[in-house]
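Asks: Next up, my_file_21.csv (CSV, C-alpha atoms).
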chain,number,residue,atom,x,y,z
E,1474,MET,CA,104.2,-8.4,65.7
E,1475,LEU,CA,102.7,-7.2,69.0
E,1476,ALA,CA,103.9,-3.6,68.5
E,1477,GLU,CA,102.1,-3.3,65.2
E,1478,ARG,CA,99.0,-4.7,66.8
E,1479,GLY,CA,99.0,-1.9,69.3
E,1480,ASP,CA,100.6,-3.5,72.4
E,1481,ALA,CA,102.0,-0.5,74.3
E,1482,LYS,CA,104.8,-2.3,76.1
E,1483,SER,CA,106.0,-3.9,72.9
E,1484,GLN,CA,105.9,-0.5,71.1
E,1485,PHE,CA,108.0,0.9,73.9
E,1486,ASP,CA,110.5,-2.0,73.8
E,1487,LEU,CA,110.8,-1.5,70.0
E,1488,GLY,CA,111.4,2.2,70.5
E,1489,GLN,CA,114.2,1.4,72.9
E,1490,ALA,CA,115.7,-1.1,70.5
E,1491,TYR,CA,115.7,1.5,67.7
E,1492,GLU,CA,117.1,4.2,70.0
E,1493,ALA,CA,120.0,2.0,71.3
E,1494,GLY,CA,120.5,0.0,68.1
E,1495,THR,CA,120.1,-3.2,70.0
E,1496,GLY,CA,119.5,-6.1,67.6
E,1497,ILE,CA,118.4,-3.7,65.0
E,1498,GLN,CA,119.8,-0.7,63.0
E,1499,GLN,CA,119.8,2.4,65.2
E,1500,ASN,CA,117.2,4.9,64.1
E,1501,ASP,CA,116.0,7.9,66.2
E,1502,ASP,CA,113.1,8.6,63.9
E,1503,LEU,CA,111.7,5.2,64.3
E,1504,ALA,CA,112.5,5.2,68.1
E,1505,ALA,CA,110.4,8.4,68.5
E,1506,LYS,CA,107.7,7.0,66.3
E,1507,TRP,CA,107.2,3.9,68.5
E,1508,TYR,CA,107.6,5.8,71.7
E,1509,ARG,CA,104.8,8.1,70.6
E,1510,ALA,CA,102.6,5.1,69.7
E,1511,ALA,CA,103.0,3.8,73.2
E,1512,ALA,CA,102.8,7.2,74.8
E,1513,THR,CA,99.5,8.0,73.2
E,1514,GLN,CA,98.1,4.9,75.0
E,1515,ASP,CA,99.2,6.5,78.4
E,1516,TYR,CA,102.1,4.1,78.8
E,1517,ALA,CA,104.2,6.1,81.3
E,1518,PRO,CA,107.7,4.9,80.4
E,1519,ALA,CA,107.1,5.8,76.8
E,1520,GLU,CA,105.7,9.2,77.8
E,1521,ASN,CA,108.9,9.9,79.7
E,1522,ARG,CA,111.2,8.6,77.0
E,1523,LEU,CA,109.4,10.6,74.3
E,1524,GLY,CA,110.0,13.7,76.5
E,1525,VAL,CA,113.7,12.9,76.6
E,1526,MET,CA,113.7,12.6,72.8
E,1527,TYR,CA,112.2,16.1,72.5
E,1528,SER,CA,114.7,17.4,75.1
E,1529,LEU,CA,117.6,16.1,73.1
E,1530,GLY,CA,116.1,16.7,69.6
E,1531,ARG,CA,116.5,13.0,68.6
E,1532,GLY,CA,114.0,11.8,66.1
E,1533,VAL,CA,112.0,15.0,66.6
E,1534,ASN,CA,112.6,18.7,66.6
E,1535,ARG,CA,114.2,19.8,69.8
E,1536,ASP,CA,111.4,21.3,72.0
E,1537,LYS,CA,112.0,21.7,75.7
E,1538,ALA,CA,108.4,22.7,76.4
E,1539,GLU,CA,107.1,19.7,74.6
E,1540,ALA,CA,109.5,17.5,76.5
E,1541,LEU,CA,108.1,18.9,79.8
E,1542,ARG,CA,104.6,18.2,78.6
E,1543,TRP,CA,105.4,14.5,78.2
E,1544,TYR,CA,107.4,14.4,81.5
E,1545,ARG,CA,104.2,15.7,83.2
E,1546,LYS,CA,102.1,13.0,81.7
E,1547,ALA,CA,104.6,10.4,83.0
E,1548,ALA,CA,104.6,12.0,86.4
E,1549,LYS,CA,100.8,11.9,86.5
E,1550,HIS,CA,101.2,8.1,86.5
E,1551,ARG,CA,103.8,8.5,89.3
E,1552,LEU,CA,106.6,7.3,87.2
E,1553,PRO,CA,109.8,8.2,89.2
E,1554,GLU,CA,111.7,9.2,86.2
E,1555,GLY,CA,108.9,11.5,85.0
E,1556,CYS,CA,108.8,13.3,88.4
E,1557,PHE,CA,112.6,13.6,88.3
E,1558,ASN,CA,112.6,15.1,84.8
E,1559,VAL,CA,109.9,17.6,85.7
E,1560,ALA,CA,112.1,18.6,88.7
E,1561,ILE,CA,115.1,19.0,86.5
E,1562,SER,CA,113.1,21.1,84.0
E,1563,TYR,CA,112.2,23.5,86.7
E,1564,TYR,CA,115.7,23.5,88.1
E,1565,ASN,CA,117.3,24.3,84.7
E,1566,GLY,CA,114.5,26.4,83.3
E,1567,ASP,CA,113.9,24.0,80.4
E,1568,GLY,CA,110.6,24.6,78.8
E,1569,VAL,CA,109.4,26.6,81.8
E,1570,THR,CA,110.6,29.5,84.0
E,1571,GLU,CA,113.4,28.4,86.3
E,1572,GLU,CA,112.0,27.9,89.8
E,1573,ILE,CA,114.0,26.1,92.4
E,1574,ASN,CA,111.1,25.9,94.9
E,1575,LEU,CA,109.0,23.9,92.4
E,1576,ALA,CA,112.1,22.0,91.3
E,1577,TYR,CA,112.5,20.9,94.9
E,1578,ALA,CA,108.8,20.0,95.3
E,1579,TRP,CA,109.0,17.7,92.2
E,1580,MET,CA,112.3,16.2,93.3
E,1581,LEU,CA,110.6,15.3,96.6
E,1582,ALA,CA,107.8,13.7,94.6
E,1583,ALA,CA,110.4,11.7,92.6
E,1584,LYS,CA,112.0,10.6,95.9
E,1585,ASP,CA,108.6,9.5,97.2
E,1586,ALA,CA,108.1,7.6,94.0
E,1587,GLY,CA,111.4,5.7,94.6
E,1588,ASP,CA,113.8,7.5,92.2
E,1589,LEU,CA,117.3,6.7,93.5
E,1590,GLN,CA,118.9,9.8,91.9
E,1591,ALA,CA,116.3,12.0,93.7
E,1592,GLN,CA,117.5,11.0,97.1
E,1593,GLU,CA,120.9,12.6,96.7
E,1594,ALA,CA,119.5,15.5,94.6
E,1595,VAL,CA,117.0,16.5,97.4
E,1596,LYS,CA,119.9,16.8,99.8
E,1597,ARG,CA,122.0,19.0,97.5
E,1598,MET,CA,119.0,21.2,96.6
E,1599,ALA,CA,118.1,21.7,100.3
E,1600,ASP,CA,121.6,22.8,101.0
E,1601,GLU,CA,121.4,25.2,98.0
E,1602,MET,CA,118.2,26.6,99.4
E,1603,HIS,CA,119.7,27.0,102.9
E,1604,GLY,CA,117.0,24.8,104.4
E,1605,ARG,CA,114.2,27.1,103.3
E,1606,ILE,CA,112.1,24.3,101.9
E,1607,TYR,CA,108.6,25.0,103.4
E,1608,PHE,CA,107.2,26.6,100.2
E,1609,SER,CA,108.3,23.5,98.3
E,1610,GLU,CA,106.8,21.1,100.9
E,1611,PHE,CA,103.5,23.1,100.9
E,1612,LYS,CA,103.4,22.9,97.1
E,1613,LEU,CA,104.0,19.2,97.1
E,1614,ALA,CA,101.3,18.7,99.8
E,1615,ASP,CA,98.9,20.6,97.6
E,1616,LEU,CA,99.8,18.5,94.6
E,1617,TYR,CA,99.1,15.3,96.6
E,1618,GLU,CA,95.9,16.7,97.9
E,1619,GLN,CA,94.5,17.9,94.6
E,1620,GLY,CA,95.7,14.7,92.7
E,1621,VAL,CA,95.7,16.5,89.3
E,1622,GLU,CA,99.4,16.5,88.4
E,1623,ILE,CA,100.4,13.5,90.4
E,1624,PRO,CA,98.3,10.7,91.9
E,1625,GLN,CA,96.3,11.8,94.9
E,1626,ASP,CA,97.9,10.8,98.3
E,1627,LEU,CA,96.0,12.5,101.1
E,1628,SER,CA,98.0,10.7,103.8
E,1629,ARG,CA,101.3,12.1,102.4
E,1630,ALA,CA,99.6,15.5,102.1
E,1631,ALA,CA,98.6,15.4,105.7
E,1632,ASP,CA,102.1,14.5,106.8
E,1633,LEU,CA,103.5,17.4,104.9
E,1634,TYR,CA,100.9,19.8,106.2
E,1635,ARG,CA,101.6,18.6,109.8
E,1636,GLU,CA,105.4,19.1,109.3
E,1637,ILE,CA,104.9,22.6,108.0
E,1638,GLY,CA,102.2,23.5,110.6
E,1639,SER,CA,104.3,22.3,113.5
E,1640,ASN,CA,107.3,24.5,112.8
E,1641,ASP,CA,108.0,28.1,113.5
E,1642,HIS,CA,108.8,29.8,110.2
E,1643,ASP,CA,107.4,32.5,108.0
E,1644,PHE,CA,105.7,30.6,105.1
E,1645,GLY,CA,102.4,28.6,104.9
E,1646,VAL,CA,102.1,27.7,108.6
E,1647,GLY,CA,98.5,28.9,108.9
E,1648,ASP,CA,97.4,27.5,105.6
E,1649,ALA,CA,98.9,24.1,106.4
E,1650,GLN,CA,97.2,24.1,109.7
E,1651,TYR,CA,93.9,25.0,108.1
E,1652,ASN,CA,94.2,22.3,105.4
E,1653,LEU,CA,95.0,19.7,108.1
E,1654,CYS,CA,91.9,20.9,110.0
E,1655,GLN,CA,89.8,20.2,106.9
E,1656,LEU,CA,91.3,16.7,106.5
E,1657,TYR,CA,90.5,15.8,110.1
E,1658,THR,CA,86.9,17.0,109.7
E,1659,THR,CA,86.4,14.8,106.7
E,1660,GLY,CA,88.6,11.8,107.7
E,1661,LYS,CA,90.5,12.1,104.5
E,1662,GLY,CA,94.2,11.0,104.7
E,1663,VAL,CA,93.8,10.9,108.5
E,1664,PRO,CA,91.3,9.4,110.9
E,1665,LEU,CA,88.2,11.5,111.5
E,1666,ASN,CA,89.0,13.4,114.6
E,1667,TYR,CA,87.1,16.7,115.4
E,1668,ALA,CA,89.3,17.4,118.5
E,1669,GLU,CA,92.4,17.4,116.2
E,1670,ALA,CA,90.5,19.5,113.7
E,1671,ARG,CA,89.6,22.1,116.2
E,1672,SER,CA,93.1,22.2,117.5
E,1673,TRP,CA,94.6,22.8,114.0
E,1674,CYS,CA,91.8,25.3,113.1
E,1675,LYS,CA,92.5,27.4,116.2
E,1676,LYS,CA,96.2,27.4,115.4
E,1677,SER,CA,95.4,28.5,111.9
E,1678,THR,CA,93.4,31.5,113.1
E,1679,ARG,CA,96.4,32.7,115.1
E,1680,HIS,CA,98.4,32.7,111.9
E,1681,GLY,CA,95.8,34.9,110.1
E,1682,VAL,CA,93.7,32.2,108.3
E,1683,LYS,CA,90.2,33.8,108.4
E,1684,LEU,CA,88.3,30.7,107.2
E,1685,GLY,CA,89.4,28.9,110.4
E,1686,TYR,CA,86.8,31.0,112.3
E,1687,LEU,CA,84.0,29.7,110.1
E,1688,MET,CA,85.1,26.1,110.4
E,1689,LEU,CA,85.2,26.3,114.2
E,1690,GLY,CA,81.8,28.0,114.2
E,1691,ARG,CA,80.3,25.2,112.2
E,1692,MET,CA,81.8,22.5,114.4
E,1693,ALA,CA,80.4,24.1,117.5
E,1694,GLU,CA,77.0,24.7,115.9
E,1695,LEU,CA,76.7,21.1,114.6
E,1696,GLY,CA,78.2,19.5,117.7
E,1697,GLN,CA,81.0,17.8,115.9
E,1698,GLY,CA,83.0,15.9,118.5
E,1699,GLU,CA,81.4,17.8,121.4
E,1700,PRO,CA,77.9,18.9,122.5
E,1701,LYS,CA,76.3,21.6,120.3
E,1702,ASP,CA,77.2,25.0,121.6
E,1703,PRO,CA,75.3,27.9,119.9
E,1704,ALA,CA,77.0,30.5,122.1
E,1705,LYS,CA,80.5,29.3,121.1
E,1706,ALA,CA,79.4,29.0,117.5
E,1707,ALA,CA,78.1,32.6,117.6
E,1708,ALA,CA,81.4,33.8,119.0
E,1709,TRP,CA,83.4,32.1,116.2
E,1710,TYR,CA,81.0,33.5,113.6
E,1711,GLN,CA,81.3,37.0,115.0
E,1712,ASP,CA,85.1,36.7,114.7
E,1713,ALA,CA,84.6,35.7,111.1
E,1714,ALA,CA,82.5,38.8,110.5
E,1715,LEU,CA,85.1,41.0,112.3
E,1716,VAL,CA,87.6,39.9,109.6
E,1717,LEU,CA,85.0,40.7,107.0
E,1718,LEU,CA,84.2,37.2,105.8
E,1719,PRO,CA,80.9,37.3,104.0
E,1720,ASP,CA,79.8,34.0,105.5
E,1721,GLY,CA,80.6,35.3,108.9
E,1722,PHE,CA,77.7,37.9,108.6
E,1723,LEU,CA,75.3,35.3,107.2
E,1724,ALA,CA,76.1,32.6,109.7
E,1725,SER,CA,75.8,35.1,112.6
E,1726,GLY,CA,72.4,36.3,111.4
E,1727,ARG,CA,71.1,32.8,110.5
E,1728,LEU,CA,72.1,31.5,114.0
E,1729,ARG,CA,70.3,34.3,115.7
E,1730,LEU,CA,67.3,34.0,113.4
E,1731,GLN,CA,66.9,30.4,114.7
E,1732,GLY,CA,66.8,31.6,118.3
E,1733,THR,CA,63.6,31.8,120.3
E,1734,SER,CA,64.0,35.2,122.0
E,1735,HIS,CA,63.0,38.6,120.6
E,1736,ASP,CA,66.6,39.8,121.3
E,1737,ASP,CA,67.8,37.0,118.9
E,1738,GLN,CA,65.5,38.4,116.1
E,1739,LYS,CA,67.0,41.9,116.6
E,1740,LYS,CA,70.5,40.6,116.5
E,1741,ALA,CA,69.7,38.6,113.3
E,1742,TYR,CA,68.5,41.9,111.7
E,1743,PHE,CA,71.8,43.6,112.8
E,1744,TRP,CA,73.9,40.9,111.1
E,1745,PHE,CA,71.9,40.8,107.9
E,1746,TYR,CA,72.0,44.6,107.7
E,1747,LEU,CA,75.8,44.4,107.8
E,1748,ALA,CA,75.7,41.6,105.2
E,1749,GLN,CA,73.6,43.8,102.9
E,1750,HIS,CA,76.0,46.7,103.4
E,1751,TYR,CA,78.9,44.5,102.4
E,1752,LYS,CA,76.9,43.3,99.4
E,1753,VAL,CA,76.8,39.7,100.5
E,1754,ALA,CA,74.6,37.5,98.3
E,1755,GLU,CA,71.3,36.4,99.9
E,1756,ALA,CA,71.4,39.3,102.4
E,1757,ASP,CA,68.4,41.2,101.0
E,1758,SER,CA,65.9,38.4,101.4
E,1759,LEU,CA,67.2,37.4,104.8
E,1760,LEU,CA,67.1,41.0,106.0
E,1761,GLN,CA,63.4,41.3,104.9
E,1762,GLN,CA,62.7,38.1,106.8
E,1763,ALA,CA,64.3,39.4,110.0
E,1764,ALA,CA,62.6,42.8,109.6
E,1765,GLY,CA,59.2,41.0,109.7
E,1766,ASN,CA,59.8,40.2,113.4
E,1767,LEU,CA,60.6,43.8,114.5
E,1768,SER,CA,59.0,47.2,114.9
E,1769,LYS,CA,60.1,50.2,113.0
E,1770,LYS,CA,61.7,51.6,116.2
E,1771,GLU,CA,63.7,48.4,116.7
E,1772,ILE,CA,64.8,48.3,113.1
E,1773,LYS,CA,66.1,51.9,113.3
E,1774,LYS,CA,68.0,51.1,116.5
E,1775,GLU,CA,69.7,48.1,114.9
E,1776,GLN,CA,70.6,50.0,111.8
E,1777,LYS,CA,72.2,52.7,114.0
E,1778,ARG,CA,74.1,50.0,115.9
E,1779,ALA,CA,75.2,48.5,112.6
E,1780,LEU,CA,76.5,51.8,111.2
E,1781,GLN,CA,78.6,52.2,114.3
E,1782,TRP,CA,80.1,48.8,113.6
E,1783,ILE,CA,80.7,49.7,110.0
E,1784,HIS,CA,82.7,52.8,111.0
E,1785,MET,CA,85.0,50.9,113.2
E,1786,SER,CA,88.6,50.9,112.1
E,1787,ASP,CA,90.4,47.7,111.1
E,1788,TYR,CA,92.4,48.0,114.4
E,1789,GLU,CA,89.2,48.3,116.5
E,1790,ARG,CA,87.6,45.3,114.7
E,1791,TYR,CA,90.8,43.2,115.2
E,1792,HIS,CA,90.8,43.9,118.9
E,1793,LYS,CA,87.2,42.8,119.3
E,1794,ILE,CA,88.0,39.3,118.1
E,1795,LYS,CA,87.4,36.9,121.0
E,1796,THR,CA,88.9,33.6,120.1
E,1797,PRO,CA,87.1,31.1,122.4
Before we go any further, please render this structure as structure tokens.

Replies:
Amino acid sequence: MLAERGDAKSQFDLGQAYEAGTGIQQNDDLAAKWYRAAATQDYAPAENRLGVMYSLGRGVNRDKAEALRWYRKAAKHRLPEGCFNVAISYYNGDGVTEEINLAYAWMLAAKDAGDLQAQEAVKRMADEMHGRIYFSEFKLADLYEQGVEIPQDLSRAADLYREIGSNDHDFGVGDAQYNLCQLYTTGKGVPLNYAEARSWCKKSTRHGVKLGYLMLGRMAELGQGEPKDPAKAAAWYQDAALVLLPDGFLASGRLRLQGTSHDDQKKAYFWFYLAQHYKVAEADSLLQQAAGNLSKKEIKKEQKRALQWIHMSDYERYHKIKTP
């Protein structure tokens, strides 16, 4: 008998036969036993069905949380029914806190996987949410990008980020735009395209995503998709520092330290002094390196200039941002 020899599909089929009483005496205990045998071999249909048994309390003690655990395992293999059952668990609060946004995200995943019930369920849930589905779409995009709870699908993630980032609403626009920028700079899920990356990164900064400044600075510094432009890179890095990103101080100082003029060396000290003030790692050694190129009078002058910068208000810093 194949099931007894460890064949997962045969074990699953035997479990189904016991559950339904097809050609054999109906027995929930044995159904659950054989589903578990197949499920522990990562056989997705058995994982999902064992979850159902836990949800109903058939052949096992009823346990909604354990049911969800098995549904998640099935969803990890992109089994449509597994994704659907995770969605229903979130919708009903079975084994997890009720959360319609996550329910909708998982229902979209079930629809993507080809679950026919999910197609109608998505429409009903969207109506129930009054069309406020962007949080759910962002969550699903993240699930596809990370590839931990469902199989990774960077192309689908990019499509979702693009849809969110192209609309005018109040959730996740900037984050979606920034994530799309990252995908374009690596060519993951989309063709490698630095012009598109810059476009999406610039949009993200207008929606308050600080890391966009650093990404734009690096592209300008490295000459990704266009000639290297240290001046433009410096402007982006300065914007990153103005929003108090640690790497903004370091990148600004490092770029100046690489310069050939004495003025560059003074500006490098200025940025590393700020980095030290804000307790940025590596700042101490870099500050010492920059100080070696300056006189005591020059160091004192740059420290004074840095202290004036430090005492600027958030409002003043914000209005110094010069998005190129």

Asks: Residues within 9 Å of (64.4, 43.7, 114.2), file coordinates, counting all atoms listed in the file: what are they? Give the list as a VMD selection string.

Replies: chain E and resid 1735 to 1743 1763 to 1775

Asks: Could you pull the residues within 12 Å of region 1523-1530 of chain E, counting only C-alpha atoms, minus those fewer than 2 positions along the same chain, as a ChimeraX atom specification?

Replies: /E:1485,1488-1489,1492,1501-1513,1515-1521,1532-1548,1554-1559,1561-1562,1567-1568

Asks: Fewer than 6 positions away in the same chain doesn't count, so skip those; otherwise give me all residues within 9 Å of Ile1573 (chain E), counting only C-alpha atoms, as a PyMOL selection string.

Replies: chain E and resi 1560+1563-1565+1598+1602+1609

Asks: Please write the residues from the selection above to a file, keeping C-alpha atoms, as a PDB file, keeping the file's coordinate frame.

Replies:
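What ended up in result.pdb:
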ATOM      1  CA  ALA E1560     112.100  18.600  88.700  1.00  0.00           C
ATOM      2  CA  TYR E1563     112.200  23.500  86.700  1.00  0.00           C
ATOM      3  CA  TYR E1564     115.700  23.500  88.100  1.00  0.00           C
ATOM      4  CA  ASN E1565     117.300  24.300  84.700  1.00  0.00           C
ATOM      5  CA  MET E1598     119.000  21.200  96.600  1.00  0.00           C
ATOM      6  CA  MET E1602     118.200  26.600  99.400  1.00  0.00           C
ATOM      7  CA  SER E1609     108.300  23.500  98.300  1.00  0.00           C
TER       8      SER E1609
END

Asks: As a PyMOL selection string, please: the residues near His1750 (chain E) (cut-off 12 Å, all atoms listed in the file, same-chain neighbours under 2 positions excluded).

Replies: chain E and resi 1717+1719+1722+1743-1748+1752-1757+1760+1776+1779-1780+1782-1784

Asks: So the first atom is CA of Arg1635 (chain E) and the second is CA of Gln1650 (chain E); what is the distance between them in Å, to one decimal place?

Replies: 7.0 Å

Asks: Using all atoms listed in the file, which residues sit within 10 Å of Leu1475 (chain E) once same-chain residues fewer than 5 positions away are excluded, as a PyMOL selection string?

Replies: chain E and resi 1480-1484+1487

Asks: At a cut-off of 12 Å, using all atoms listed in the file, what residues contact His1792 (chain E)? Leave out same-chain residues fewer than 6 positions from it and give the result as a tab-separated table (two decimals) with C-alpha atoms, keeping the file's coordinate frame.

Replies:
chain	number	residue	atom	x	y	z
E	1712	ASP	CA	85.10	36.70	114.70
E	1715	LEU	CA	85.10	41.00	112.30
E	1716	VAL	CA	87.60	39.90	109.60
E	1785	MET	CA	85.00	50.90	113.20
E	1786	SER	CA	88.60	50.90	112.10

Asks: Which value, in Å to one decimal, gives the distance between CA of Ala1583 (chain E) and CA of Arg1551 (chain E)?

Replies: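 These two atoms are separated by 8.0 Å.
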
Asks: Select, from E:Ile1794, E:Pro1553, E:Ser1672, E:Ala1707, the residue with the minimum atom-to-atom distance to Leu1589 (chain E), counting all atoms listed in the file.

Replies: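 Closest candidate: E:Pro1553.
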
Asks: Please report the interatomic distance between CA of Ala1630 (chain E) and CA of Asp1585 (chain E) in Å with one decimal.

Replies: 11.9 Å

Asks: Pick the closest to Leu1718 (chain E) from E:Ile1637, E:Gly1732, E:Thr1658, E:Tyr1686: which is it, counting only C-alpha atoms?

Replies: E:Tyr1686

Asks: So which one's closest to Ala1631 (chain E), E:Asn1500, E:Gln1619, E:Asn1652, E:Gln1731? Using all atoms listed in the file, please.

Replies: E:Asn1652

Asks: Nearest residue to Asp1626 (chain E) out of E:Ala1582, E:Gly1685, E:Arg1679, E:Pro1703, using only C-alpha atoms?

Replies: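 Going through E:Ala1582, E:Gly1685, E:Arg1679, E:Pro1703 one by one, the smallest distance to Asp1626 (chain E) is for E:Ala1582.
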
Asks: Which residue out of E:Ala1578, E:Leu1723, E:Leu1689, E:Leu1665 has the minimum interatomic distance to Lys1701 (chain E) when all atoms listed in the file are used?

Replies: E:Leu1689

Asks: Which of these, E:Glu1636, E:His1550, E:Arg1597, E:Asp1648, has the shortest distance to Val1621 (chain E) once you count only C-alpha atoms?

Replies: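 Of E:Glu1636, E:His1550, E:Arg1597, E:Asp1648, the one nearest Val1621 (chain E) is E:His1550, counting only C-alpha atoms.
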